[in-house]
>>> print(open('final_2.txt').read())   # compact mmCIF, C-alpha atoms and all ligand atoms
# COMPACT_ATOMS: atom_id res chain seq x y z
CA MET A 60 0.00 0.00 0.00
CA SER A 61 1.45 3.34 -0.96
CA ALA A 62 0.77 6.42 1.14
CA SER A 63 0.99 10.18 0.97
CA ILE A 64 3.74 12.10 2.76
CA SER A 65 3.37 15.55 4.28
CA LEU A 66 6.09 17.84 5.51
CA LYS A 67 4.69 20.57 7.72
CA LYS A 68 7.02 23.49 8.36
CA ALA A 69 9.81 20.91 8.48
CA THR A 70 13.04 22.54 9.60
CA LYS A 71 16.53 21.18 10.22
CA VAL A 72 19.20 23.34 11.75
CA PHE A 73 22.70 21.83 12.05
CA ASP A 74 25.12 22.99 14.74
CA GLY A 75 22.69 25.72 15.76
CA ALA A 76 23.57 27.72 12.65
CA VAL A 77 23.10 26.00 9.26
CA ARG A 78 19.40 26.08 8.29
CA ALA A 79 19.69 23.14 5.88
CA VAL A 80 15.89 22.81 5.62
CA ASP A 81 13.84 25.89 6.41
CA ALA A 82 10.08 25.62 7.11
CA VAL A 83 9.39 23.30 4.16
CA ASP A 84 5.73 22.55 3.38
CA ILE A 85 5.22 19.76 0.87
CA ARG A 86 2.44 17.23 0.40
CA ILE A 87 3.31 14.26 -1.81
CA GLU A 88 0.26 12.28 -2.92
CA ALA A 89 0.01 8.48 -2.69
CA GLY A 90 1.45 6.89 -5.83
CA GLU A 91 3.06 10.11 -6.99
CA PHE A 92 6.54 10.44 -8.49
CA PHE A 93 7.79 13.59 -6.78
CA SER A 94 11.23 15.16 -7.21
CA LEU A 95 13.25 17.51 -5.05
CA LEU A 96 15.31 19.59 -7.46
CA GLY A 97 17.89 22.24 -6.73
CA PRO A 98 21.60 23.08 -6.74
CA SER A 99 24.13 21.33 -4.54
CA GLY A 100 23.75 22.29 -0.87
CA CYS A 101 20.13 23.51 -1.13
CA GLY A 102 18.86 20.88 1.34
CA LYS A 103 17.54 18.04 -0.85
CA THR A 104 19.35 15.20 0.92
CA THR A 105 18.49 16.56 4.35
CA THR A 106 14.80 16.78 3.36
CA LEU A 107 14.92 13.17 2.17
CA ARG A 108 16.66 12.07 5.36
CA LEU A 109 13.94 13.79 7.40
CA ILE A 110 11.33 11.77 5.49
CA ALA A 111 13.36 8.58 5.97
CA GLY A 112 13.85 9.23 9.68
CA PHE A 113 17.66 9.39 9.52
CA GLU A 114 17.40 12.97 10.79
CA THR A 115 15.04 14.41 13.40
CA PRO A 116 13.55 17.79 12.50
CA SER A 117 14.52 20.75 14.69
CA SER A 118 10.88 21.78 14.35
CA GLY A 119 7.86 20.86 12.25
CA GLN A 120 6.21 17.53 11.44
CA ILE A 121 6.38 14.61 9.03
CA LEU A 122 3.18 12.70 8.27
CA LEU A 123 2.76 9.36 6.50
CA GLY A 124 -0.82 9.34 5.29
CA GLU A 125 -2.55 11.09 8.19
CA ARG A 126 -0.23 9.55 10.81
CA ASP A 127 2.37 11.75 12.51
CA ILE A 128 5.67 9.84 12.19
CA THR A 129 7.96 12.66 13.33
CA GLY A 130 9.25 10.61 16.27
CA VAL A 131 9.15 7.17 14.63
CA PRO A 132 12.62 5.63 14.06
CA ALA A 133 13.77 4.96 10.48
CA HIS A 134 13.51 1.16 10.66
CA LYS A 135 9.84 1.41 11.62
CA ARG A 136 8.88 3.74 8.77
CA ASP A 137 8.61 1.06 6.10
CA MET A 138 10.45 3.04 3.44
CA GLY A 139 12.91 1.82 0.82
CA MET A 140 15.97 3.88 0.00
CA VAL A 141 18.37 4.01 -2.95
CA PHE A 142 21.61 6.02 -2.95
CA GLN A 143 23.97 7.25 -5.65
CA ASN A 144 26.82 5.01 -4.45
CA TYR A 145 24.59 1.88 -4.39
CA ALA A 146 25.80 0.90 -0.90
CA LEU A 147 25.78 -2.84 -1.67
CA PHE A 148 27.57 -5.43 0.47
CA PRO A 149 30.59 -6.20 -1.74
CA HIS A 150 31.30 -9.73 -0.49
CA ARG A 151 27.74 -10.98 -0.69
CA SER A 152 25.90 -12.28 -3.70
CA VAL A 153 23.17 -10.34 -5.44
CA ASN A 154 20.62 -12.69 -3.85
CA GLN A 155 22.03 -12.05 -0.38
CA ASN A 156 22.10 -8.30 -0.95
CA VAL A 157 18.48 -8.21 -2.02
CA ALA A 158 17.41 -10.61 0.76
CA PHE A 159 18.93 -8.43 3.49
CA GLY A 160 15.79 -6.50 4.49
CA LEU A 161 13.65 -9.65 4.45
CA ARG A 162 16.09 -11.53 6.71
CA MET A 163 15.98 -8.63 9.16
CA ARG A 164 12.25 -9.17 9.31
CA GLY A 165 12.69 -12.86 10.09
CA MET A 166 10.88 -14.14 7.02
CA ASP A 167 11.23 -17.87 6.21
CA LYS A 168 13.69 -19.04 3.57
CA ALA A 169 11.27 -20.16 0.86
CA GLU A 170 9.36 -16.91 1.08
CA ILE A 171 12.60 -14.91 0.91
CA ALA A 172 13.74 -16.81 -2.20
CA ARG A 173 10.40 -16.21 -3.89
CA LYS A 174 10.41 -12.46 -3.15
CA VAL A 175 14.05 -11.99 -4.15
CA ALA A 176 13.36 -13.69 -7.49
CA TRP A 177 10.32 -11.44 -7.98
CA ALA A 178 12.30 -8.24 -7.26
CA LEU A 179 15.24 -9.25 -9.48
CA GLU A 180 12.81 -10.05 -12.29
CA LEU A 181 11.27 -6.57 -11.89
CA VAL A 182 14.63 -4.89 -12.43
CA SER A 183 15.53 -7.22 -15.34
CA LEU A 184 18.21 -9.10 -13.37
CA GLY A 185 16.61 -12.53 -13.26
CA GLY A 186 19.48 -15.05 -13.39
CA TYR A 187 22.07 -12.73 -11.83
CA GLY A 188 21.40 -13.80 -8.24
CA ASP A 189 24.67 -15.70 -7.69
CA ARG A 190 27.00 -12.94 -8.89
CA ARG A 191 28.85 -10.56 -6.64
CA PRO A 192 28.43 -6.79 -7.09
CA ASP A 193 31.95 -6.42 -8.56
CA GLN A 194 30.93 -8.76 -11.38
CA LEU A 195 28.21 -6.31 -12.45
CA SER A 196 28.23 -3.01 -14.36
CA GLY A 197 27.29 0.26 -12.63
CA GLY A 198 23.80 0.18 -14.06
CA GLN A 199 23.31 -3.42 -12.93
CA GLN A 200 24.57 -2.61 -9.44
CA GLN A 201 22.06 0.22 -9.21
CA ARG A 202 19.33 -2.21 -10.28
CA VAL A 203 20.35 -4.51 -7.41
CA ALA A 204 20.09 -1.56 -5.02
CA LEU A 205 16.64 -0.82 -6.42
CA ALA A 206 15.57 -4.46 -6.05
CA ARG A 207 16.80 -4.41 -2.44
CA ALA A 208 14.69 -1.32 -1.77
CA ILE A 209 11.46 -2.61 -3.33
CA VAL A 210 11.68 -6.26 -2.20
CA VAL A 211 10.26 -5.34 1.21
CA GLU A 212 7.27 -3.75 -0.55
CA PRO A 213 7.76 -0.37 1.10
CA THR A 214 5.00 2.24 1.33
CA VAL A 215 7.44 4.84 0.02
CA LEU A 216 10.55 4.73 -2.17
CA LEU A 217 13.22 7.36 -1.49
CA CYS A 218 15.99 7.92 -4.04
CA ASP A 219 18.98 10.22 -3.54
CA GLU A 220 20.59 10.99 -6.93
CA PRO A 221 20.45 7.26 -7.75
CA LEU A 222 21.49 7.66 -11.39
CA GLY A 223 24.21 10.25 -10.77
CA ALA A 224 27.10 7.87 -11.36
CA LEU A 225 25.84 6.51 -14.68
CA ASP A 226 26.80 7.77 -18.12
CA LYS A 227 24.20 9.67 -20.11
CA LYS A 228 22.80 6.90 -22.30
CA LEU A 229 22.47 4.39 -19.48
CA ARG A 230 21.07 7.08 -17.24
CA GLN A 231 18.28 7.80 -19.70
CA GLN A 232 17.49 4.10 -20.03
CA MET A 233 17.34 3.75 -16.24
CA GLN A 234 15.06 6.82 -16.06
CA PHE A 235 12.55 5.04 -18.29
CA GLU A 236 12.86 1.78 -16.36
CA LEU A 237 12.55 3.36 -12.94
CA LYS A 238 9.54 5.39 -13.98
CA GLU A 239 7.82 2.34 -15.46
CA LEU A 240 8.54 0.25 -12.38
CA GLN A 241 7.25 3.03 -10.12
CA ARG A 242 4.04 3.35 -12.11
CA ASN A 243 3.43 -0.40 -12.24
CA LEU A 244 3.87 -0.71 -8.48
CA GLY A 245 1.98 2.54 -7.77
CA LEU A 246 4.78 3.39 -5.36
CA THR A 247 4.95 6.85 -3.77
CA THR A 248 8.43 7.98 -4.78
CA VAL A 249 10.55 10.91 -3.65
CA PHE A 250 13.45 11.43 -6.01
CA VAL A 251 16.34 13.80 -5.32
CA THR A 252 18.31 15.23 -8.22
CA HIS A 253 20.24 18.37 -9.16
CA ASP A 254 19.65 17.59 -12.85
CA GLN A 255 16.71 19.64 -14.11
CA GLU A 256 16.21 17.57 -17.25
CA GLU A 257 16.01 14.41 -15.18
CA ALA A 258 13.48 15.96 -12.79
CA MET A 259 11.37 17.25 -15.68
CA ALA A 260 11.47 13.91 -17.49
CA MET A 261 10.52 11.73 -14.55
CA SER A 262 8.25 13.63 -12.19
CA ASP A 263 4.52 13.94 -11.83
CA ARG A 264 5.34 17.03 -9.76
CA LEU A 265 8.49 18.55 -8.36
CA ALA A 266 9.65 21.06 -5.78
CA VAL A 267 12.41 23.46 -6.77
CA MET A 268 14.55 24.16 -3.70
CA ASN A 269 16.96 26.99 -3.01
CA ASP A 270 18.87 27.64 0.19
CA GLY A 271 16.76 25.32 2.35
CA LYS A 272 13.44 26.64 1.09
CA VAL A 273 10.91 25.54 -1.49
CA GLU A 274 10.80 28.11 -4.30
CA GLN A 275 7.96 26.52 -6.27
CA ILE A 276 5.97 23.28 -6.51
CA GLY A 277 4.21 22.15 -9.67
CA THR A 278 4.08 19.81 -12.63
CA PRO A 279 7.07 19.97 -14.98
CA ALA A 280 4.98 21.99 -17.47
CA GLU A 281 3.83 24.45 -14.80
CA ILE A 282 7.38 24.96 -13.56
CA TYR A 283 8.72 25.40 -17.08
CA ASN A 284 5.96 27.58 -18.49
CA THR A 285 5.15 29.71 -15.49
CA PRO A 286 8.19 30.06 -13.23
CA GLU A 287 7.33 32.36 -10.34
CA SER A 288 10.78 33.63 -9.49
CA ARG A 289 14.01 34.57 -11.19
CA PHE A 290 15.68 31.61 -9.49
CA VAL A 291 13.23 29.07 -10.95
CA ALA A 292 13.26 30.68 -14.41
CA ASP A 293 17.07 30.56 -14.45
CA PHE A 294 17.48 27.11 -12.95
CA ILE A 295 15.00 25.31 -15.24
CA GLY A 296 16.08 25.42 -18.85
CA ASP A 297 17.29 28.61 -20.48
CA ALA A 298 15.49 31.87 -19.86
CA ASN A 299 15.79 35.52 -20.78
CA VAL A 300 15.11 37.34 -17.54
CA MET A 301 14.57 41.02 -18.28
CA THR A 302 13.96 44.02 -16.07
CA CYS A 303 11.55 46.30 -17.94
CA ARG A 304 9.68 49.57 -17.41
CA PRO A 305 7.34 51.87 -19.30
CA SER A 306 9.37 54.43 -21.28
CA PRO A 307 9.16 57.80 -19.58
CA GLY A 308 6.95 60.18 -21.54
CA SER A 309 5.72 57.69 -24.15
CA GLU A 310 3.36 54.73 -24.64
CA GLY A 311 6.22 52.28 -25.17
CA TRP A 312 8.33 49.99 -22.99
CA GLU A 313 12.04 49.64 -22.57
CA LEU A 314 14.79 47.62 -20.91
CA GLU A 315 16.81 49.14 -18.06
CA ASP A 316 19.24 50.79 -20.47
CA GLY A 317 16.46 52.34 -22.57
CA THR A 318 16.40 49.74 -25.39
CA PRO A 319 12.81 49.83 -26.72
CA ILE A 320 10.85 46.56 -26.52
CA PRO A 321 7.27 45.54 -27.33
CA PRO A 322 4.70 46.42 -24.66
CA ILE A 323 4.07 44.10 -21.71
CA SER A 324 0.50 43.18 -20.98
CA GLY A 325 -0.38 43.26 -17.29
CA GLY A 326 2.84 45.08 -16.42
CA LYS A 327 2.38 48.18 -14.32
CA GLY A 328 5.55 50.11 -13.76
CA ALA A 329 8.92 48.41 -13.52
CA CYS A 330 8.75 44.60 -13.59
CA VAL A 331 10.81 41.51 -14.20
CA VAL A 332 9.75 39.07 -16.92
CA ALA A 333 11.01 35.72 -18.18
CA LEU A 334 10.96 34.72 -21.82
CA ARG A 335 11.94 31.27 -23.09
CA PRO A 336 14.41 31.30 -26.01
CA GLU A 337 12.21 29.03 -28.16
CA ARG A 338 9.41 31.61 -27.84
CA VAL A 339 11.60 34.22 -29.51
CA ASP A 340 11.20 34.41 -33.26
CA VAL A 341 14.61 35.11 -34.79
CA ARG A 342 15.10 35.91 -38.50
CA PRO A 343 17.46 37.91 -40.71
CA ALA A 344 16.75 41.61 -40.21
CA ALA A 345 17.13 42.43 -43.92
CA GLY A 346 14.18 44.59 -44.91
CA LEU A 347 12.34 44.14 -41.58
CA SER A 348 11.48 47.21 -39.56
CA ASN A 349 9.44 45.45 -36.86
CA GLY A 350 10.90 43.69 -33.85
CA VAL A 351 13.91 44.21 -31.66
CA HIS A 352 17.08 44.34 -33.74
CA GLY A 353 20.45 42.90 -32.91
CA VAL A 354 23.44 40.92 -34.13
CA ILE A 355 24.14 37.22 -33.59
CA GLU A 356 27.08 36.95 -31.26
CA SER A 357 27.27 33.17 -30.83
CA VAL A 358 25.65 30.07 -32.27
CA ASN A 359 25.05 26.78 -30.42
CA TYR A 360 24.03 23.99 -32.76
CA LEU A 361 21.84 21.58 -30.75
CA GLY A 362 20.83 19.13 -33.48
CA GLY A 363 17.09 19.64 -33.71
CA ALA A 364 17.40 23.35 -33.01
CA THR A 365 19.97 26.13 -32.86
CA LEU A 366 20.41 28.46 -29.89
CA TYR A 367 21.53 31.99 -30.79
CA ARG A 368 22.87 34.64 -28.46
CA VAL A 369 21.95 38.04 -29.85
CA ARG A 370 23.38 41.36 -28.74
CA LEU A 371 20.73 44.04 -29.06
CA GLU A 372 21.40 47.04 -31.24
CA GLY A 373 22.87 50.00 -29.36
CA SER A 374 22.79 48.04 -26.10
CA ALA A 375 24.86 45.69 -23.99
CA HIS A 376 21.79 43.43 -23.49
CA ARG A 377 21.88 39.94 -24.87
CA LEU A 378 18.88 37.72 -25.55
CA LEU A 379 18.79 33.98 -26.24
CA ALA A 380 16.66 32.87 -29.17
CA GLN A 381 16.19 29.27 -30.25
CA ALA A 382 14.97 28.23 -33.68
CA ALA A 383 14.10 24.76 -34.96
CA ASN A 384 16.47 23.54 -37.67
CA ALA A 385 14.89 22.83 -41.04
CA THR A 386 16.38 20.18 -43.33
CA GLY A 387 18.53 21.81 -45.98
CA THR A 388 18.67 25.23 -44.32
CA PRO A 389 21.90 25.85 -42.43
CA PRO A 390 21.77 27.83 -39.16
CA MET A 391 22.46 31.56 -39.36
CA THR A 392 26.05 32.58 -38.66
CA VAL A 393 27.79 34.87 -36.19
CA GLY A 394 27.53 38.51 -37.27
CA THR A 395 24.12 38.17 -38.97
CA ALA A 396 21.83 41.13 -38.29
CA VAL A 397 18.54 39.75 -36.96
CA ALA A 398 15.11 40.90 -35.84
CA LEU A 399 13.61 39.33 -32.70
CA SER A 400 9.93 39.22 -31.84
CA TRP A 401 7.63 37.39 -29.43
CA ALA A 402 4.01 37.20 -28.40
CA GLN A 403 3.04 39.21 -25.34
CA THR A 404 1.54 36.05 -23.86
CA ASP A 405 4.97 34.41 -23.85
CA LEU A 406 6.27 36.89 -21.28
CA VAL A 407 5.94 35.52 -17.74
CA LEU A 408 5.74 38.16 -15.05
CA LEU A 409 7.99 37.17 -12.13
CA LYS A 410 7.21 37.95 -8.50
CA GLU A 411 10.62 39.36 -7.89
N1 LIG A 501 25.32 16.50 9.17
C1 LIG A 501 25.48 17.79 8.83
N2 LIG A 501 26.09 18.66 9.67
C2 LIG A 501 26.23 19.97 9.33
N3 LIG A 501 25.79 20.50 8.19
C3 LIG A 501 25.19 19.70 7.31
C4 LIG A 501 24.98 18.29 7.58
N4 LIG A 501 24.34 17.73 6.53
C5 LIG A 501 24.15 18.73 5.64
N5 LIG A 501 24.65 19.90 6.09
C6 LIG A 501 24.58 21.21 5.41
O1 LIG A 501 23.23 21.47 5.09
C7 LIG A 501 23.11 22.07 3.82
C8 LIG A 501 22.22 21.20 2.93
O2 LIG A 501 22.89 19.99 2.64
P1 LIG A 501 22.24 18.82 1.80
O3 LIG A 501 20.90 18.53 2.33
O4 LIG A 501 23.21 17.69 1.76
O5 LIG A 501 22.10 19.50 0.36
P2 LIG A 501 21.91 18.82 -1.09
O6 LIG A 501 21.55 17.40 -0.94
O7 LIG A 501 20.84 19.65 -1.73
O8 LIG A 501 23.22 19.01 -1.81
C9 LIG A 501 24.52 22.26 3.32
O9 LIG A 501 24.94 23.55 3.64
C10 LIG A 501 25.31 21.22 4.09
O10 LIG A 501 26.63 21.60 4.23
MG MG A 502 22.52 15.68 -1.68
>>> encode(input="final_2.txt", output="structure tokens", more="lines below")
Ligand SMILES: Nc1ncnc2c1ncn2[C@@H]1O[C@H](COP(=O)(O)OP(=O)(O)O)[C@@H](O)[C@H]1O
Ligand SMILES: [Mg+2]
Amino acid sequence: MSASISLKKATKVFDGAVRAVDAVDIRIEAGEFFSLLGPSGCGKTTTLRLIAGFETPSSGQILLGERDITGVPAHKRDMGMVFQNYALFPHRSVNQNVAFGLRMRGMDKAEIARKVAWALELVSLGGYGDRRPDQLSGGQQQRVALARAIVVEPTVLLCDEPLGALDKKLRQQMQFELKELQRNLGLTTVFVTHDQEEAMAMSDRLAVMNDGKVEQIGTPAEIYNTPESRFVADFIGDANVMTCRPSPGSEGWELEDGTPIPPISGGKGACVVALRPERVDVRPAAGLSNGVHGVIESVNYLGGATLYRVRLEGSAHRLLAQAANATGTPPMTVGTAVALSWAQTDLVLLKE
């Protein structure tokens, strides 16, 4: 049975000074794949350890379903955990590694063998039971760690950067596998990562954390399309974050240095907006009078698209613009004069 998890004003202060987790309010629904995303040191691991019971909150509460588990020790919380470094027993077989949690519970041998086989089958390692961890690849070792976590049929699965040590291709494959496994088991999963693409790809919802606090919670699309703060806009994908104001003495709008820009709907007075590069139309300026003009300063070929950095005319401001690549049409080159335009609805007004 999977269960929801609630953090209520959960706070962890280390050594009386470091507020690693600062009044965090999160509710993770039963069966949800939920990620904690943020830069190194923002408090992801500490938040996960509070949920697991490896740390006691300095203040606040942790609930499993509607039950307050704040004071319940880790081994009585019925949660499975997977770490980046696998943490397998090196001298024991795969079977013994996976069986560990079941032995601790005093289950009989036949039942243990049956469950271990089931878990190894789930992670596509049927037949590997007699090997030792050092006879397996990194990806296989992480699958053993995953099997060890799910074999006890936990109510919650906690993962701390579990795919961090894998190379890109394998990592992507494991993302698919983990997600599929999670969905099939309906397992409430809290997944820690500093990799925004990974969090976007895997999560039903995610919390973006910064400096011990939650900046924003939402679905990947909500977080990407409507970031609420400069931090979220910058951390997730690429963003043009612009400080704008109405031009003094005219109907128009401008950037801080006076560069004219299209008007901003809903903006009253000075404001900060975010604009995604792929929402910026970029084309050769030749013959165009509309739009914001500039010169391409650098070109990043991304395969399916090209990302341009454009320095605005008569200004030190630079905007990112991304255009899909069409077969047979090469990307524009550095030095090309371009006109940029966007729809007013693509500007996201930030709180800060
Ligand atoms: N046991 C500890 N003692 C003191 N400070 C700690 C301890 N664990 C974590 N911290 C500090 O708390 C902050 C958050 O750490 P952590 O939760 O590990 O962040 P993340 O997982 O996001 O990288 C960091 O400043 C870290 O140095
Ligand atoms: Mg960490």
>>> atom_distance(input="final_2.txt", atom1="CA of Ala398 in chain A", atom2="CA of Asn349 in chain A")
7.3 Å
>>> residues_near_ligand(input="final_2.txt", ligand="ligand MG 502 (chain A)", cutoff="12 Å", atoms="all atoms listed in the file", output="ChimeraX atom specification")
/A:79,95-108,142-144,218-221,223,250-254,268,271
>>> residues_around(input="final_2.txt", residues="Ala62 in chain A", least_positions_apart="5", cutoff="9 Å", atoms="only C-alpha atoms", output="list in words")
Ile87, Glu88, Ala89, Gly90, Leu123, Gly124, Thr214, Val215, Leu246 and Thr247 of chain A
>>> atom_distance(input="final_2.txt", atom1="CA of Gln120 in chain A", atom2="CA of Lys67 in chain A")
5.0 Å
>>> residues_around(input="final_2.txt", residues="Leu244 in chain A", least_positions_apart="3", cutoff="12 Å", atoms="only C-alpha atoms", output="NGL selection string")
:A and (60-61 or 89-92 or 178 or 181 or 209-210 or 212-216 or 237-241 or 247-248)
>>> write_last_selection(input="final_2.txt", atoms="C-alpha atoms", output="JSON list (two decimals), keeping the file's coordinate frame")
[["chain", "number", "residue", "atom", "x", "y", "z"],
["A", 60, "MET", "CA", 0.00, 0.00, 0.00],
["A", 61, "SER", "CA", 1.45, 3.34, -0.96],
["A", 89, "ALA", "CA", 0.01, 8.48, -2.69],
["A", 90, "GLY", "CA", 1.45, 6.89, -5.83],
["A", 91, "GLU", "CA", 3.06, 10.11, -6.99],
["A", 92, "PHE", "CA", 6.54, 10.44, -8.49],
["A", 178, "ALA", "CA", 12.30, -8.24, -7.26],
["A", 181, "LEU", "CA", 11.27, -6.57, -11.89],
["A", 209, "ILE", "CA", 11.46, -2.61, -3.33],
["A", 210, "VAL", "CA", 11.68, -6.26, -2.20],
["A", 212, "GLU", "CA", 7.27, -3.75, -0.55],
["A", 213, "PRO", "CA", 7.76, -0.37, 1.10],
["A", 214, "THR", "CA", 5.00, 2.24, 1.33],
["A", 215, "VAL", "CA", 7.44, 4.84, 0.02],
["A", 216, "LEU", "CA", 10.55, 4.73, -2.17],
["A", 237, "LEU", "CA", 12.55, 3.36, -12.94],
["A", 238, "LYS", "CA", 9.54, 5.39, -13.98],
["A", 239, "GLU", "CA", 7.82, 2.34, -15.46],
["A", 240, "LEU", "CA", 8.54, 0.25, -12.38],
["A", 241, "GLN", "CA", 7.25, 3.03, -10.12],
["A", 247, "THR", "CA", 4.95, 6.85, -3.77],
["A", 248, "THR", "CA", 8.43, 7.98, -4.78]]
>>> closest_residue(input="final_2.txt", among="A:Leu222, A:Leu378, A:Val300, A:Ala396", to="Val339 in chain A", atoms="all atoms listed in the file")
A:Leu378
>>> residues_around(input="final_2.txt", residues="Leu147 in chain A", least_positions_apart="2", cutoff="8 Å", atoms="only C-alpha atoms", output="PyMOL selection string")
chain A and resi 145+149+156+192+200+204
>>> residues_around(input="final_2.txt", residues="Val393 in chain A", least_positions_apart="3", cutoff="7 Å", atoms="only C-alpha atoms", output="ChimeraX atom specification")
/A:355-358
>>> residues_near_point(input="final_2.txt", point="(13.9, 52.8, -30.5)", cutoff="12 Å", atoms="only C-alpha atoms", output="number ranges by chain")
A: 306, 309, 311-314, 316-321, 348-352, 371-374
